[in-house]
Structures are given as C-alpha cells and as structure tokens.
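Trainee: So that we are looking at the same thing, I have put the structure below in structure tokens.
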Amino acid sequence: MSKVASFKPFYHGENSFVVLDRIKHFSMHSSNGFNGTKIHFDDGTELLVGEWPEAVRDAIEQAGKE
C-alpha cells in the first residue's frame, strides 16, 4: 500500500494529500514573499506546498521506516 502525507497549502486553501511513491524530486520555491516546496511527480505534474523541503524529505524518510 502506498504511503500518503498531508502538506499545508502554499498560500491558502486546504491541505494537499500526496502519494509519496509518486514524488520524482522536490525543490525550494519562493514567490511573492511565500516560501515552500515544489514537488515534481513521475507523471510530469507539479504541486506547490507550504512546507520546507526538509519537511517533505522527513515525510518520505518516515514512510520508508513504516
């Protein structure tokens, strides 16, 4: 079963639920005074979340331990 993590929105809105196995890579993103992470998925889509890259990394690492 795939692991899912919830991340805060980049600016406003609801949390995003991400299937961690689908993440290809991620990077720091900053725009209009807001900081977060751009997550790139294996199907070419991208998602901005309001978490630091370290939080995304920690979610992936934690899922690997479960």
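Chain lettering (A, B, ...) mirrors the order of the structure tokens, residue numbering begins at 1 for each chain separately, and ligand numbering begins at 1 in order of display.
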Find the residues around A:Gly50 up to 7 Å (only C-alpha atoms counted), leave out those fewer than 5 positions away in its own chain, and share them as a list of chain:residue names.
Mentor: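 Non-adjacent residues within range: A:Phe7, A:Lys8, A:Pro9, A:Phe10, A:Tyr11, A:Asn35, A:Gly36, A:Thr37.
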Trainee: Could those residues be written to a file, using N, CA and C atoms, as a PDB file, in the first residue's frame?
Mentor:
ATOM      1  N   PHE A   7       0.277  17.861   3.377  1.00  0.00           N
ATOM      2  CA  PHE A   7       1.115  19.056   3.429  1.00  0.00           C
ATOM      3  C   PHE A   7       0.239  20.302   3.437  1.00  0.00           C
ATOM      4  N   LYS A   8       0.701  21.340   4.161  1.00  0.00           N
ATOM      5  CA  LYS A   8      -0.009  22.613   4.218  1.00  0.00           C
ATOM      6  C   LYS A   8      -0.046  23.249   2.829  1.00  0.00           C
ATOM      7  N   PRO A   9      -1.054  24.100   2.576  1.00  0.00           N
ATOM      8  CA  PRO A   9      -1.109  24.791   1.282  1.00  0.00           C
ATOM      9  C   PRO A   9       0.007  25.822   1.159  1.00  0.00           C
ATOM     10  N   PHE A  10       0.396  26.117  -0.067  1.00  0.00           N
ATOM     11  CA  PHE A  10       1.460  27.094  -0.318  1.00  0.00           C
ATOM     12  C   PHE A  10       1.030  28.496   0.088  1.00  0.00           C
ATOM     13  N   TYR A  11      -0.176  28.875  -0.249  1.00  0.00           N
ATOM     14  CA  TYR A  11      -0.647  30.223   0.071  1.00  0.00           C
ATOM     15  C   TYR A  11      -1.912  30.151   0.917  1.00  0.00           C
ATOM     16  N   ASN A  35       7.179  31.097   1.013  1.00  0.00           N
ATOM     17  CA  ASN A  35       8.180  30.054   0.821  1.00  0.00           C
ATOM     18  C   ASN A  35       7.536  28.686   0.973  1.00  0.00           C
ATOM     19  N   GLY A  36       8.042  27.745   0.228  1.00  0.00           N
ATOM     20  CA  GLY A  36       7.530  26.390   0.316  1.00  0.00           C
ATOM     21  C   GLY A  36       8.361  25.463  -0.539  1.00  0.00           C
ATOM     22  N   THR A  37       7.724  24.411  -1.003  1.00  0.00           N
ATOM     23  CA  THR A  37       8.401  23.387  -1.788  1.00  0.00           C
ATOM     24  C   THR A  37       7.597  23.076  -3.035  1.00  0.00           C
TER      25      THR A  37
END
Trainee: Write out as number ranges by chain each polymer residue whose atoms come within 10 Å of A:Lys3, counting only C-alpha atoms; drop sequence neighbours fewer than 6 positions from it.
Mentor: A: 18-22, 59-60, 62-64, 66
Trainee: Generate the output file for the selected residues, N, CA and C atoms, as an mmCIF file, in the first residue's frame.
Mentor:
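out-v5.cif was written with the following content:
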data_model
loop_
_atom_site.group_PDB
_atom_site.id
_atom_site.type_symbol
_atom_site.label_atom_id
_atom_site.label_comp_id
_atom_site.auth_asym_id
_atom_site.auth_seq_id
_atom_site.Cartn_x
_atom_site.Cartn_y
_atom_site.Cartn_z
ATOM 1 N N VAL A 18 -0.551 13.725 -0.602
ATOM 2 C CA VAL A 18 0.393 13.319 -1.635
ATOM 3 C C VAL A 18 0.757 11.853 -1.458
ATOM 4 N N VAL A 19 0.694 11.091 -2.556
ATOM 5 C CA VAL A 19 1.187 9.715 -2.558
ATOM 6 C C VAL A 19 2.702 9.802 -2.716
ATOM 7 N N LEU A 20 3.408 9.468 -1.656
ATOM 8 C CA LEU A 20 4.852 9.707 -1.601
ATOM 9 C C LEU A 20 5.634 8.923 -2.645
ATOM 10 N N ASP A 21 5.158 7.756 -3.036
ATOM 11 C CA ASP A 21 5.851 6.949 -4.050
ATOM 12 C C ASP A 21 5.883 7.629 -5.414
ATOM 13 N N ARG A 22 5.014 8.602 -5.632
ATOM 14 C CA ARG A 22 4.919 9.265 -6.932
ATOM 15 C C ARG A 22 5.866 10.454 -7.063
ATOM 16 N N ALA A 59 8.982 13.434 5.594
ATOM 17 C CA ALA A 59 7.795 12.608 5.339
ATOM 18 C C ALA A 59 8.159 11.385 4.509
ATOM 19 N N ILE A 60 9.009 11.575 3.505
ATOM 20 C CA ILE A 60 9.444 10.452 2.662
ATOM 21 C C ILE A 60 10.258 9.456 3.489
ATOM 22 N N GLN A 62 10.216 9.016 6.769
ATOM 23 C CA GLN A 62 9.358 8.376 7.765
ATOM 24 C C GLN A 62 8.526 7.268 7.128
ATOM 25 N N ALA A 63 8.033 7.506 5.919
ATOM 26 C CA ALA A 63 7.239 6.490 5.217
ATOM 27 C C ALA A 63 8.080 5.256 4.926
ATOM 28 N N GLY A 64 9.366 5.443 4.674
ATOM 29 C CA GLY A 64 10.258 4.323 4.404
ATOM 30 C C GLY A 64 10.516 3.460 5.622
ATOM 31 N N GLU A 66 8.166 2.818 7.932
ATOM 32 C CA GLU A 66 6.920 2.151 8.348
ATOM 33 C C GLU A 66 6.667 0.905 7.548
#
Trainee: Distance atom CA of A:Val4-atom CA of A:Phe17, one decimal place?
Mentor: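 For atom CA of A:Val4 relative to atom CA of A:Phe17, the distance reads 6.4 Å.
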Trainee: My list of candidates is A:Lys24, A:His29, A:Arg57, A:Gly13. Which is closest to A:Asp42 when distances are computed with only C-alpha atoms?
Mentor: A:Lys24
Trainee: I need the residue nearest A:Phe26 from this list: A:Glu14, A:Lys65, A:His40, A:Thr45. Use only C-alpha atoms for the distance.
Mentor: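 Closest candidate: A:His40.
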Trainee: Using only C-alpha atoms, which residue out of A:Ser16, A:Asp58, A:His25, A:Ser2 lies closest to A:Phe41?
Mentor: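 Residue with the minimum atom-to-atom distance to A:Phe41: A:His25.
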Trainee: As a count of residues only, please: every residue in chain A that a backbone DSSP assignment puts in strand (DSSP E).
Mentor: 29
Trainee: Which of chain A end up as helix (DSSP H, G or I) when DSSP is run on this backbone - answer as JSON, numbers by chain?
Mentor: {"A": [20, 21, 22, 53, 54, 55, 56, 57, 58, 59, 60, 61, 62, 63, 64, 65]}
Trainee: Can you spit out the residues from that selection as a tab-separated table (two decimals), in the first residue's frame, using N, CA and C atoms?
Mentor:
chain	number	residue	atom	x	y	z
A	20	LEU	N	3.41	9.47	-1.66
A	20	LEU	CA	4.85	9.71	-1.60
A	20	LEU	C	5.63	8.92	-2.64
A	21	ASP	N	5.16	7.76	-3.04
A	21	ASP	CA	5.85	6.95	-4.05
A	21	ASP	C	5.88	7.63	-5.41
A	22	ARG	N	5.01	8.60	-5.63
A	22	ARG	CA	4.92	9.27	-6.93
A	22	ARG	C	5.87	10.45	-7.06
A	53	PRO	N	11.43	22.16	2.26
A	53	PRO	CA	11.89	20.90	1.67
A	53	PRO	C	12.27	19.84	2.71
A	54	GLU	N	12.78	20.28	3.84
A	54	GLU	CA	13.15	19.33	4.90
A	54	GLU	C	11.93	18.56	5.40
A	55	ALA	N	10.77	19.20	5.46
A	55	ALA	CA	9.54	18.53	5.91
A	55	ALA	C	9.10	17.49	4.89
A	56	VAL	N	9.26	17.79	3.60
A	56	VAL	CA	8.92	16.81	2.56
A	56	VAL	C	9.88	15.63	2.65
A	57	ARG	N	11.17	15.92	2.79
A	57	ARG	CA	12.16	14.85	2.94
A	57	ARG	C	11.85	13.98	4.16
A	58	ASP	N	11.52	14.62	5.29
A	58	ASP	CA	11.21	13.87	6.50
A	58	ASP	C	10.00	12.96	6.31
A	59	ALA	N	8.98	13.43	5.59
A	59	ALA	CA	7.80	12.61	5.34
A	59	ALA	C	8.16	11.38	4.51
A	60	ILE	N	9.01	11.57	3.50
A	60	ILE	CA	9.44	10.45	2.66
A	60	ILE	C	10.26	9.46	3.49
A	61	GLU	N	11.18	9.97	4.30
A	61	GLU	CA	12.01	9.09	5.12
A	61	GLU	C	11.18	8.34	6.15
A	62	GLN	N	10.22	9.02	6.77
A	62	GLN	CA	9.36	8.38	7.77
A	62	GLN	C	8.53	7.27	7.13
A	63	ALA	N	8.03	7.51	5.92
A	63	ALA	CA	7.24	6.49	5.22
A	63	ALA	C	8.08	5.26	4.93
A	64	GLY	N	9.37	5.44	4.67
A	64	GLY	CA	10.26	4.32	4.40
A	64	GLY	C	10.52	3.46	5.62
A	65	LYS	N	10.32	4.02	6.81
A	65	LYS	CA	10.55	3.28	8.05
A	65	LYS	C	9.32	2.48	8.48
